[in-house]
>>> print(open('entry_21.cif').read())   # mmCIF, C-alpha atoms
data_upload
#
loop_
_atom_site.label_atom_id
_atom_site.label_comp_id
_atom_site.auth_asym_id
_atom_site.auth_seq_id
_atom_site.Cartn_x
_atom_site.Cartn_y
_atom_site.Cartn_z
CA MET F 952 0.00 0.00 0.00
CA LEU F 953 1.17 3.53 -0.74
CA PRO F 954 1.67 5.86 2.24
CA VAL F 955 -1.64 7.32 3.33
CA THR F 956 -0.19 10.83 3.04
CA HIS F 957 -0.23 10.47 -0.77
CA TYR F 958 -4.01 10.16 -0.68
CA LEU F 959 -4.35 12.94 1.89
CA TYR F 960 -2.29 15.33 -0.25
CA LEU F 961 -4.40 14.51 -3.29
CA SER F 962 -7.62 15.11 -1.35
CA LEU F 963 -6.28 18.39 0.07
CA VAL F 964 -5.26 19.63 -3.38
CA LEU F 965 -8.68 18.74 -4.81
CA PHE F 966 -10.40 20.36 -1.85
CA GLY F 967 -8.37 23.54 -2.37
CA ILE F 968 -9.19 23.64 -6.09
CA GLY F 969 -12.88 23.11 -5.30
CA LEU F 970 -12.80 25.80 -2.62
CA ALA F 971 -11.21 28.26 -5.02
CA GLY F 972 -13.85 27.48 -7.64
CA ALA F 973 -16.70 27.75 -5.14
CA VAL F 974 -15.72 31.14 -3.72
CA LEU F 975 -14.02 32.86 -6.64
CA ARG F 976 -16.15 31.97 -9.68
CA ARG F 977 -19.28 33.98 -10.43
CA SER F 978 -21.04 31.25 -12.41
CA LEU F 979 -23.46 29.12 -10.40
CA VAL F 980 -22.51 26.00 -12.34
CA ALA F 981 -18.79 26.55 -11.68
CA ALA F 982 -19.47 27.14 -7.98
CA LEU F 983 -21.50 23.91 -7.77
CA ILE F 984 -18.71 22.04 -9.56
CA GLY F 985 -16.33 23.38 -6.91
CA VAL F 986 -18.59 22.08 -4.15
CA GLN F 987 -18.78 18.65 -5.82
CA LEU F 988 -14.98 18.52 -5.99
CA MET F 989 -14.74 19.40 -2.30
CA LEU F 990 -17.17 16.63 -1.37
CA ALA F 991 -15.28 14.08 -3.48
CA ALA F 992 -12.05 15.16 -1.78
CA VAL F 993 -13.62 14.66 1.65
CA ALA F 994 -14.83 11.19 0.63
CA LEU F 995 -11.29 10.30 -0.51
CA CYS F 996 -9.92 11.52 2.82
CA PHE F 997 -12.40 9.32 4.75
CA CYS F 998 -11.44 6.30 2.63
CA ALA F 999 -7.72 6.94 3.22
CA TYR F 1000 -8.20 6.97 6.99
CA ALA F 1001 -10.53 3.96 6.79
CA ARG F 1002 -7.77 1.99 5.07
CA MET F 1003 -5.16 3.26 7.52
CA PHE F 1004 -7.11 2.11 10.58
CA VAL F 1005 -8.76 -0.84 8.76
CA ASP F 1006 -12.17 0.42 9.84
CA ALA F 1007 -15.13 0.27 7.48
CA ALA F 1008 -16.85 3.16 9.27
CA GLY F 1009 -14.74 5.58 7.24
CA GLN F 1010 -16.04 4.12 3.99
CA ILE F 1011 -19.60 4.37 5.30
CA ALA F 1012 -18.98 8.04 6.12
CA ALA F 1013 -17.66 8.53 2.59
CA LEU F 1014 -20.84 6.99 1.20
CA TRP F 1015 -22.92 9.43 3.30
CA VAL F 1016 -20.88 12.36 2.04
CA VAL F 1017 -21.38 11.40 -1.62
CA LEU F 1018 -25.11 10.73 -1.24
CA VAL F 1019 -25.83 13.85 0.81
CA GLY F 1020 -23.85 15.85 -1.75
CA LEU F 1021 -26.13 14.47 -4.44
CA CYS F 1022 -29.19 15.53 -2.41
CA GLU F 1023 -27.74 19.01 -1.95
CA LEU F 1024 -27.09 19.31 -5.67
CA GLY F 1025 -30.64 18.24 -6.52
CA VAL F 1026 -32.14 20.81 -4.16
CA ILE F 1027 -29.87 23.61 -5.42
CA VAL F 1028 -30.66 22.83 -9.06
CA ALA F 1029 -34.40 22.90 -8.34
CA VAL F 1030 -34.13 26.17 -6.37
CA ALA F 1031 -31.97 27.79 -9.06
CA LEU F 1032 -34.43 26.82 -11.78
CA ARG F 1033 -37.38 28.14 -9.81
CA SER F 1034 -35.59 31.41 -9.06
CA ALA F 1035 -34.62 31.81 -12.71
CA ARG F 1036 -38.24 31.24 -13.72
CA ALA F 1037 -39.46 33.72 -11.08
CA GLU F 1038 -37.01 36.36 -12.37
CA GLU F 1039 -38.45 35.99 -15.87
CA HIS F 1040 -42.03 36.72 -14.73
CA MET O 876 8.76 3.22 -9.22
CA SER O 877 6.31 0.35 -8.83
CA ALA O 878 3.21 -0.01 -11.00
CA PRO O 879 0.68 0.97 -8.26
CA THR O 880 2.72 4.10 -7.47
CA PHE O 881 2.90 5.07 -11.14
CA ILE O 882 -0.83 4.45 -11.61
CA PHE O 883 -1.62 6.52 -8.52
CA PHE O 884 0.49 9.48 -9.64
CA ALA O 885 -0.91 9.32 -13.18
CA SER O 886 -4.52 9.32 -11.94
CA ALA O 887 -3.73 12.05 -9.40
CA ALA O 888 -2.22 14.22 -12.14
CA VAL O 889 -5.23 13.65 -14.39
CA ALA O 890 -7.66 14.41 -11.54
CA THR O 891 -5.82 17.60 -10.55
CA ILE O 892 -5.51 18.95 -14.09
CA ALA O 893 -9.14 18.13 -14.86
CA ALA O 894 -10.27 19.77 -11.60
CA VAL O 895 -8.37 22.96 -12.43
CA TRP O 896 -9.91 22.86 -15.90
CA ALA O 897 -13.38 22.33 -14.43
CA VAL O 898 -13.29 25.35 -12.13
CA SER O 899 -11.48 27.67 -14.55
CA ALA O 900 -13.22 26.99 -17.89
CA ARG O 901 -15.62 29.71 -19.03
CA ASP O 902 -17.91 27.34 -20.92
CA GLY O 903 -20.28 25.38 -18.68
CA MET O 904 -20.11 22.20 -20.75
CA ARG O 905 -16.29 22.18 -20.70
CA SER O 906 -16.41 22.64 -16.94
CA LEU O 907 -18.71 19.64 -16.68
CA ALA O 908 -16.40 17.56 -18.86
CA GLY O 909 -13.53 18.49 -16.53
CA LEU O 910 -15.60 17.50 -13.50
CA ALA O 911 -16.48 14.14 -15.05
CA VAL O 912 -12.83 13.38 -15.86
CA ALA O 913 -11.64 14.50 -12.42
CA LEU O 914 -14.15 12.37 -10.54
CA ALA O 915 -13.61 9.40 -12.87
CA ALA O 916 -9.85 9.62 -12.23
CA LEU O 917 -10.55 9.44 -8.48
CA ILE O 918 -11.77 5.88 -8.94
CA VAL O 919 -8.16 4.64 -9.15
CA PRO O 920 -7.09 5.86 -5.67
CA LEU O 921 -10.39 4.68 -4.21
CA VAL O 922 -9.91 1.19 -5.62
CA GLN O 923 -6.32 1.20 -4.36
CA LEU O 924 -7.70 2.02 -0.91
CA ARG O 925 -10.00 -1.00 -1.21
CA ALA O 926 -13.17 1.07 -1.45
CA PRO O 927 -14.76 -0.22 -4.67
CA LEU O 928 -18.29 0.37 -3.39
CA VAL O 929 -17.52 4.03 -2.67
CA ALA O 930 -15.94 4.29 -6.13
CA ALA O 931 -19.06 2.85 -7.76
CA VAL O 932 -21.37 5.19 -5.82
CA LEU O 933 -19.11 8.15 -6.66
CA LEU O 934 -19.21 7.22 -10.34
CA SER O 935 -23.02 6.95 -10.33
CA SER O 936 -23.26 10.22 -8.43
CA THR O 937 -20.95 11.84 -10.99
CA VAL O 938 -23.20 10.78 -13.86
CA VAL O 939 -26.29 12.22 -12.12
CA SER O 940 -24.42 15.41 -11.13
CA VAL O 941 -23.18 16.01 -14.66
CA LEU O 942 -26.68 15.49 -16.05
CA LEU O 943 -28.25 17.85 -13.50
CA LEU O 944 -25.60 20.54 -13.92
CA GLY O 945 -25.74 20.14 -17.70
CA GLY O 946 -29.47 20.82 -17.60
CA LEU O 947 -28.89 23.81 -15.33
CA ALA O 948 -26.14 25.16 -17.58
CA ARG O 949 -28.41 24.92 -20.62
CA VAL O 950 -31.32 26.69 -18.91
CA ARG O 951 -29.13 29.37 -17.33
CA GLN O 952 -26.79 29.77 -20.30
CA HIS O 953 -26.77 33.56 -20.18
CA ALA O 954 -27.65 34.06 -16.54
CA GLU O 955 -24.49 35.03 -14.67
CA ALA O 956 -24.37 36.51 -11.21
CA GLY O 957 -23.63 40.21 -10.93
CA GLU O 958 -20.23 41.76 -10.33
CA ARG O 959 -18.66 40.94 -7.00
CA SER O 960 -17.31 43.66 -4.80
CA ARG O 961 -13.55 44.08 -4.40
CA VAL O 962 -13.86 43.41 -0.67
CA TYR O 963 -15.43 40.01 -1.37
CA VAL O 964 -12.78 39.10 -3.93
CA VAL O 965 -9.95 40.14 -1.58
CA LEU O 966 -11.45 38.22 1.37
CA ALA O 967 -12.15 35.12 -0.73
CA THR O 968 -8.64 35.16 -2.21
CA LEU O 969 -7.19 35.52 1.29
CA ALA O 970 -9.29 32.56 2.46
CA VAL O 971 -8.06 30.37 -0.39
CA LEU O 972 -4.45 31.44 0.20
CA GLY O 973 -4.91 30.76 3.93
CA PHE O 974 -6.13 27.27 3.12
CA ALA O 975 -3.09 26.70 0.89
CA TRP O 976 -0.83 27.90 3.72
CA VAL O 977 -2.49 25.54 6.23
CA LEU O 978 -2.16 22.72 3.69
CA LEU O 979 1.57 23.34 3.23
CA ALA O 980 2.23 23.92 6.94
CA THR O 981 0.46 20.75 8.08
CA GLY O 982 1.68 18.71 5.13
CA SER O 983 5.31 19.44 5.95
CA ARG O 984 4.81 17.97 9.45
CA GLN O 985 2.95 14.83 8.41
CA VAL O 986 4.34 11.49 9.44
CA VAL O 987 4.34 9.14 6.48
CA GLU O 988 2.34 6.08 7.47
CA SER O 989 1.34 3.19 5.31
CA GLY O 990 -1.41 1.82 7.51
CA THR O 991 -1.89 -1.64 8.91
CA PRO O 992 -1.13 -4.39 6.39
CA LEU O 993 -4.14 -6.54 5.66
CA THR O 994 -3.94 -10.21 6.44
CA PRO O 995 -4.98 -12.66 3.71
CA GLY O 996 -8.72 -13.31 3.86
CA ASN O 997 -9.49 -9.93 5.42
CA VAL O 998 -12.85 -8.75 4.09
CA PHE O 999 -12.11 -5.05 4.59
CA GLY O 1000 -13.49 -3.07 1.65
CA ASP O 1001 -15.57 -5.91 0.28
CA GLY O 1002 -18.87 -4.59 -1.04
CA SER O 1003 -20.85 -7.37 0.62
CA ALA O 1004 -19.13 -6.85 3.99
CA LEU O 1005 -19.75 -3.11 3.80
CA VAL O 1006 -23.42 -3.57 2.94
CA LEU O 1007 -23.72 -6.08 5.77
CA GLU O 1008 -22.26 -3.60 8.25
CA LEU O 1009 -24.56 -0.90 6.89
CA ALA O 1010 -27.56 -3.15 7.39
CA GLU O 1011 -26.47 -4.19 10.88
CA THR O 1012 -25.40 -0.92 12.43
CA HIS O 1013 -26.66 1.92 10.20
CA LEU O 1014 -29.93 0.60 8.85
CA VAL O 1015 -32.17 3.57 9.69
CA ALA O 1016 -29.61 6.12 8.54
CA SER O 1017 -29.06 4.18 5.29
CA LEU O 1018 -32.76 4.05 4.52
CA LEU O 1019 -33.22 7.72 5.38
CA VAL O 1020 -30.32 8.96 3.27
CA GLY O 1021 -31.25 6.68 0.38
CA LEU O 1022 -34.84 7.87 0.45
CA LEU O 1023 -33.79 11.53 0.63
CA ALA O 1024 -31.35 11.07 -2.24
CA LEU O 1025 -34.01 9.40 -4.35
CA CYS O 1026 -36.57 12.14 -3.63
CA CYS O 1027 -34.05 14.91 -4.38
CA VAL O 1028 -32.96 13.40 -7.68
CA ILE O 1029 -36.55 12.78 -8.79
CA ALA O 1030 -37.55 16.36 -7.83
CA ALA O 1031 -34.55 17.84 -9.63
CA VAL O 1032 -35.13 15.79 -12.78
CA LEU O 1033 -38.83 16.70 -12.81
CA SER O 1034 -37.94 20.38 -12.39
CA LEU O 1035 -35.42 20.17 -15.23
CA VAL O 1036 -37.93 18.45 -17.53
CA ALA O 1037 -40.65 20.99 -16.70
CA GLU O 1038 -38.32 23.98 -17.13
CA GLY O 1039 -36.89 22.55 -20.34
CA ALA O 1040 -40.39 22.11 -21.76
CA LYS O 1041 -41.25 25.72 -20.79
CA ALA O 1042 -38.02 27.01 -22.32
CA GLN O 1043 -38.78 25.30 -25.62
CA GLU O 1044 -42.27 26.83 -25.84
#
>>> encode(input="entry_21.cif", output="structure tokens")
Amino acid sequence: MLPVTHYLYLSLVLFGIGLAGAVLRRSLVAALIGVQLMLAAVALCFCAYARMFVDAAGQIAALWVVLVGLCELGVIVAVALRSARAEEH
Amino acid sequence: MSAPTFIFFASAAVATIAAVWAVSARDGMRSLAGLAVALAALIVPLVQLRAPLVAAVLLSSTVVSVLLLGGLARVRQHAEAGERSRVYVVLATLAVLGFAWVLLATGSRQVVESGTPLTPGNVFGDGSALVLELAETHLVASLLVGLLALCCVIAAVLSLVAEGAKAQE
């Protein structure tokens, strides 16, 4: 197995890129892409620690993160569409 | 350099470059393509960490996310947020730089650990073992999150279909 720090560095870099996209870009789609990258990075971090301590709870937490991120995206897309429609009328 | 190390670094490079592309591209569809490549490249480290179920769920979630964001990008093609104030841009840039500083400062003090070696026959990371543990110890939470995810995706897809139909009229 590779050292766990390799995976942690990768997740931190992805989280940083996602954070930069989420706070610095004006486009809603780009900001949401940044949030998705941050969530994926967190899931990778959980999996790295799960493998390090040989504990499946970390993988379960990663599954929660991915699924809750999907819920959040669905709600935001619906709200954004409704607000765009309301602005038109 | 061993094959797993090379594969890890190659996938990490692809994921990083695609992520930078995703957040910096001006075109929404190119951003989405970058996101899809970045998240698909993350499958390699996840499989190396013996988390194939998480990799599969992440891949499925990526497909749904790209579809949802693609629909949003098409509907809001010309709708951009207004100009941001200089104060916001300065504060946000400082926050990102602060995060990078924390990353470098903590990273330089990390102890390199490889984790506990797995004994032959260990079921850690097996999809069936993970699902069994989910069912045994996190049954209610699993059902709740699964139901919420299903409802959210259905609601978002219905909204997209309805808005797309209105946009075409």
>>> resolve_selection(input="entry_21.cif", expression="the PyMOL selection byres ((chain F and resi 982-986) around 9)", output="ChimeraX atom specification")
/F:966,968-981,987-991,1020,1024,1027 /O:894,897-898,906-907,910,940,944
>>> resolve_selection(input="entry_21.cif", expression="the PyMOL selection byres ((chain F and resi 953-958) around 12)", output="ChimeraX atom specification")
/F:952,959-965,992-1004 /O:876-884,886-887,917,919-924,981-992
>>> atom_distance(input="entry_21.cif", atom1="atom CA of O:Cys1026", atom2="atom CA of O:Glu1008")
24.4 Å
>>> residues_around(input="entry_21.cif", residues="F:Val1028", least_positions_apart="3", cutoff="8 Å", atoms="only C-alpha atoms", output="PDB file with C-alpha atoms, in the frame of the given file")
ATOM      1  CA  LEU F1024     -27.090  19.310  -5.670  1.00  0.00           C
ATOM      2  CA  GLY F1025     -30.640  18.240  -6.520  1.00  0.00           C
ATOM      3  CA  ALA F1031     -31.970  27.790  -9.060  1.00  0.00           C
ATOM      4  CA  LEU F1032     -34.430  26.820 -11.780  1.00  0.00           C
TER       5      LEU F1032
ATOM      6  CA  LEU O 943     -28.250  17.850 -13.500  1.00  0.00           C
ATOM      7  CA  LEU O 944     -25.600  20.540 -13.920  1.00  0.00           C
ATOM      8  CA  LEU O 947     -28.890  23.810 -15.330  1.00  0.00           C
ATOM      9  CA  ALA O1031     -34.550  17.840  -9.630  1.00  0.00           C
TER      10      ALA O1031
END
>>> resolve_selection(input="entry_21.cif", expression="the PyMOL selection byres ((chain O and resi 1015-1023) around 10)", output="compact mmCIF listing (two decimals) with C-alpha atoms, keeping the file's coordinate frame")
# COMPACT_ATOMS: atom_id res chain seq x y z
CA ILE F 1011 -19.60 4.37 5.30
CA LEU F 1014 -20.84 6.99 1.20
CA TRP F 1015 -22.92 9.43 3.30
CA LEU F 1018 -25.11 10.73 -1.24
CA VAL F 1019 -25.83 13.85 0.81
CA LEU F 1021 -26.13 14.47 -4.44
CA CYS F 1022 -29.19 15.53 -2.41
CA GLU F 1023 -27.74 19.01 -1.95
CA VAL O 1006 -23.42 -3.57 2.94
CA LEU O 1009 -24.56 -0.90 6.89
CA ALA O 1010 -27.56 -3.15 7.39
CA GLU O 1011 -26.47 -4.19 10.88
CA THR O 1012 -25.40 -0.92 12.43
CA HIS O 1013 -26.66 1.92 10.20
CA LEU O 1014 -29.93 0.60 8.85
CA ALA O 1024 -31.35 11.07 -2.24
CA LEU O 1025 -34.01 9.40 -4.35
CA CYS O 1026 -36.57 12.14 -3.63
CA CYS O 1027 -34.05 14.91 -4.38
CA VAL O 1028 -32.96 13.40 -7.68
CA ILE O 1029 -36.55 12.78 -8.79
>>> atom_distance(input="entry_21.cif", atom1="atom CA of O:Leu934", atom2="atom CA of O:Ile892")
18.4 Å
>>> atom_distance(input="entry_21.cif", atom1="atom CA of O:Pro927", atom2="atom CA of O:Gly1002")
7.0 Å
>>> closest_residue(input="entry_21.cif", among="O:Ala915, O:Ala948, O:Ala1030, O:Leu979", to="O:Val932", atoms="all atoms listed in the file")
O:Ala915
>>> closest_residue(input="entry_21.cif", among="O:Met904, O:Val971, O:Val938, O:Ala916", to="chain F", atoms="all atoms listed in the file")
O:Val971
>>> build_atoms(input="entry_21.cif", residues="stretch 1004-1030 of chain F", atoms="N, CA, C and O atoms", output="PDB file, keeping the file's coordinate frame")
ATOM      1  N   PHE F1004      -6.718   2.739   9.317  1.00  0.00           N
ATOM      2  CA  PHE F1004      -7.110   2.110  10.580  1.00  0.00           C
ATOM      3  C   PHE F1004      -7.878   0.814  10.375  1.00  0.00           C
ATOM      4  O   PHE F1004      -8.366   0.226  11.348  1.00  0.00           O
ATOM      5  N   VAL F1005      -8.012   0.380   9.108  1.00  0.00           N
ATOM      6  CA  VAL F1005      -8.760  -0.840   8.760  1.00  0.00           C
ATOM      7  C   VAL F1005     -10.124  -0.832   9.453  1.00  0.00           C
ATOM      8  O   VAL F1005     -10.493  -1.750  10.188  1.00  0.00           O
ATOM      9  N   ASP F1006     -10.851   0.253   9.220  1.00  0.00           N
ATOM     10  CA  ASP F1006     -12.170   0.420   9.840  1.00  0.00           C
ATOM     11  C   ASP F1006     -13.158   0.829   8.747  1.00  0.00           C
ATOM     12  O   ASP F1006     -12.990   1.866   8.105  1.00  0.00           O
ATOM     13  N   ALA F1007     -14.180   0.012   8.562  1.00  0.00           N
ATOM     14  CA  ALA F1007     -15.130   0.270   7.480  1.00  0.00           C
ATOM     15  C   ALA F1007     -16.007   1.491   7.735  1.00  0.00           C
ATOM     16  O   ALA F1007     -16.682   1.962   6.823  1.00  0.00           O
ATOM     17  N   ALA F1008     -16.006   2.000   8.975  1.00  0.00           N
ATOM     18  CA  ALA F1008     -16.850   3.160   9.270  1.00  0.00           C
ATOM     19  C   ALA F1008     -16.450   4.362   8.414  1.00  0.00           C
ATOM     20  O   ALA F1008     -17.304   5.182   8.057  1.00  0.00           O
ATOM     21  N   GLY F1009     -15.184   4.477   8.094  1.00  0.00           N
ATOM     22  CA  GLY F1009     -14.740   5.580   7.240  1.00  0.00           C
ATOM     23  C   GLY F1009     -15.343   5.496   5.850  1.00  0.00           C
ATOM     24  O   GLY F1009     -15.733   6.516   5.268  1.00  0.00           O
ATOM     25  N   GLN F1010     -15.435   4.279   5.327  1.00  0.00           N
ATOM     26  CA  GLN F1010     -16.040   4.120   3.990  1.00  0.00           C
ATOM     27  C   GLN F1010     -17.537   4.421   4.050  1.00  0.00           C
ATOM     28  O   GLN F1010     -18.101   4.980   3.105  1.00  0.00           O
ATOM     29  N   ILE F1011     -18.178   4.056   5.163  1.00  0.00           N
ATOM     30  CA  ILE F1011     -19.600   4.370   5.300  1.00  0.00           C
ATOM     31  C   ILE F1011     -19.799   5.887   5.354  1.00  0.00           C
ATOM     32  O   ILE F1011     -20.712   6.433   4.731  1.00  0.00           O
ATOM     33  N   ALA F1012     -18.903   6.577   6.076  1.00  0.00           N
ATOM     34  CA  ALA F1012     -18.980   8.040   6.120  1.00  0.00           C
ATOM     35  C   ALA F1012     -18.791   8.633   4.725  1.00  0.00           C
ATOM     36  O   ALA F1012     -19.468   9.594   4.344  1.00  0.00           O
ATOM     37  N   ALA F1013     -17.881   8.040   3.952  1.00  0.00           N
ATOM     38  CA  ALA F1013     -17.660   8.530   2.590  1.00  0.00           C
ATOM     39  C   ALA F1013     -18.916   8.339   1.740  1.00  0.00           C
ATOM     40  O   ALA F1013     -19.278   9.212   0.939  1.00  0.00           O
ATOM     41  N   LEU F1014     -19.585   7.211   1.935  1.00  0.00           N
ATOM     42  CA  LEU F1014     -20.840   6.990   1.200  1.00  0.00           C
ATOM     43  C   LEU F1014     -21.880   8.046   1.561  1.00  0.00           C
ATOM     44  O   LEU F1014     -22.565   8.587   0.695  1.00  0.00           O
ATOM     45  N   TRP F1015     -21.978   8.376   2.864  1.00  0.00           N
ATOM     46  CA  TRP F1015     -22.920   9.430   3.300  1.00  0.00           C
ATOM     47  C   TRP F1015     -22.589  10.743   2.609  1.00  0.00           C
ATOM     48  O   TRP F1015     -23.482  11.446   2.140  1.00  0.00           O
ATOM     49  N   VAL F1016     -21.294  11.073   2.609  1.00  0.00           N
ATOM     50  CA  VAL F1016     -20.880  12.360   2.040  1.00  0.00           C
ATOM     51  C   VAL F1016     -21.297  12.451   0.573  1.00  0.00           C
ATOM     52  O   VAL F1016     -21.863  13.459   0.125  1.00  0.00           O
ATOM     53  N   VAL F1017     -21.051  11.387  -0.182  1.00  0.00           N
ATOM     54  CA  VAL F1017     -21.380  11.400  -1.620  1.00  0.00           C
ATOM     55  C   VAL F1017     -22.891  11.511  -1.816  1.00  0.00           C
ATOM     56  O   VAL F1017     -23.370  12.320  -2.628  1.00  0.00           O
ATOM     57  N   LEU F1018     -23.651  10.728  -1.048  1.00  0.00           N
ATOM     58  CA  LEU F1018     -25.110  10.730  -1.240  1.00  0.00           C
ATOM     59  C   LEU F1018     -25.744  12.044  -0.786  1.00  0.00           C
ATOM     60  O   LEU F1018     -26.630  12.572  -1.461  1.00  0.00           O
ATOM     61  N   VAL F1019     -25.287  12.570   0.352  1.00  0.00           N
ATOM     62  CA  VAL F1019     -25.830  13.850   0.810  1.00  0.00           C
ATOM     63  C   VAL F1019     -25.442  14.967  -0.162  1.00  0.00           C
ATOM     64  O   VAL F1019     -26.225  15.891  -0.409  1.00  0.00           O
ATOM     65  N   GLY F1020     -24.250  14.874  -0.735  1.00  0.00           N
ATOM     66  CA  GLY F1020     -23.850  15.850  -1.750  1.00  0.00           C
ATOM     67  C   GLY F1020     -24.772  15.813  -2.957  1.00  0.00           C
ATOM     68  O   GLY F1020     -25.115  16.854  -3.534  1.00  0.00           O
ATOM     69  N   LEU F1021     -25.191  14.605  -3.310  1.00  0.00           N
ATOM     70  CA  LEU F1021     -26.130  14.470  -4.440  1.00  0.00           C
ATOM     71  C   LEU F1021     -27.472  15.115  -4.094  1.00  0.00           C
ATOM     72  O   LEU F1021     -28.066  15.808  -4.928  1.00  0.00           O
ATOM     73  N   CYS F1022     -27.936  14.899  -2.853  1.00  0.00           N
ATOM     74  CA  CYS F1022     -29.190  15.530  -2.410  1.00  0.00           C
ATOM     75  C   CYS F1022     -29.061  17.050  -2.477  1.00  0.00           C
ATOM     76  O   CYS F1022     -29.967  17.742  -2.971  1.00  0.00           O
ATOM     77  N   GLU F1023     -27.954  17.558  -1.969  1.00  0.00           N
ATOM     78  CA  GLU F1023     -27.740  19.010  -1.950  1.00  0.00           C
ATOM     79  C   GLU F1023     -27.750  19.568  -3.365  1.00  0.00           C
ATOM     80  O   GLU F1023     -28.365  20.604  -3.644  1.00  0.00           O
ATOM     81  N   LEU F1024     -27.126  18.844  -4.277  1.00  0.00           N
ATOM     82  CA  LEU F1024     -27.090  19.310  -5.670  1.00  0.00           C
ATOM     83  C   LEU F1024     -28.493  19.335  -6.266  1.00  0.00           C
ATOM     84  O   LEU F1024     -28.863  20.296  -6.957  1.00  0.00           O
ATOM     85  N   GLY F1025     -29.276  18.286  -5.998  1.00  0.00           N
ATOM     86  CA  GLY F1025     -30.640  18.240  -6.520  1.00  0.00           C
ATOM     87  C   GLY F1025     -31.474  19.401  -6.024  1.00  0.00           C
ATOM     88  O   GLY F1025     -32.194  20.055  -6.790  1.00  0.00           O
ATOM     89  N   VAL F1026     -31.359  19.699  -4.722  1.00  0.00           N
ATOM     90  CA  VAL F1026     -32.140  20.810  -4.160  1.00  0.00           C
ATOM     91  C   VAL F1026     -31.687  22.139  -4.768  1.00  0.00           C
ATOM     92  O   VAL F1026     -32.520  22.977  -5.155  1.00  0.00           O
ATOM     93  N   ILE F1027     -30.375  22.331  -4.892  1.00  0.00           N
ATOM     94  CA  ILE F1027     -29.870  23.610  -5.420  1.00  0.00           C
ATOM     95  C   ILE F1027     -30.300  23.794  -6.879  1.00  0.00           C
ATOM     96  O   ILE F1027     -30.688  24.891  -7.289  1.00  0.00           O
ATOM     97  N   VAL F1028     -30.244  22.716  -7.653  1.00  0.00           N
ATOM     98  CA  VAL F1028     -30.660  22.830  -9.060  1.00  0.00           C
ATOM     99  C   VAL F1028     -32.132  23.214  -9.148  1.00  0.00           C
ATOM    100  O   VAL F1028     -32.519  24.109  -9.921  1.00  0.00           O
ATOM    101  N   ALA F1029     -32.967  22.572  -8.313  1.00  0.00           N
ATOM    102  CA  ALA F1029     -34.400  22.900  -8.340  1.00  0.00           C
ATOM    103  C   ALA F1029     -34.634  24.341  -7.920  1.00  0.00           C
ATOM    104  O   ALA F1029     -35.402  25.071  -8.561  1.00  0.00           O
ATOM    105  N   VAL F1030     -33.954  24.789  -6.850  1.00  0.00           N
ATOM    106  CA  VAL F1030     -34.130  26.170  -6.370  1.00  0.00           C
ATOM    107  C   VAL F1030     -33.656  27.169  -7.427  1.00  0.00           C
ATOM    108  O   VAL F1030     -34.311  28.189  -7.692  1.00  0.00           O
TER     109      VAL F1030
END
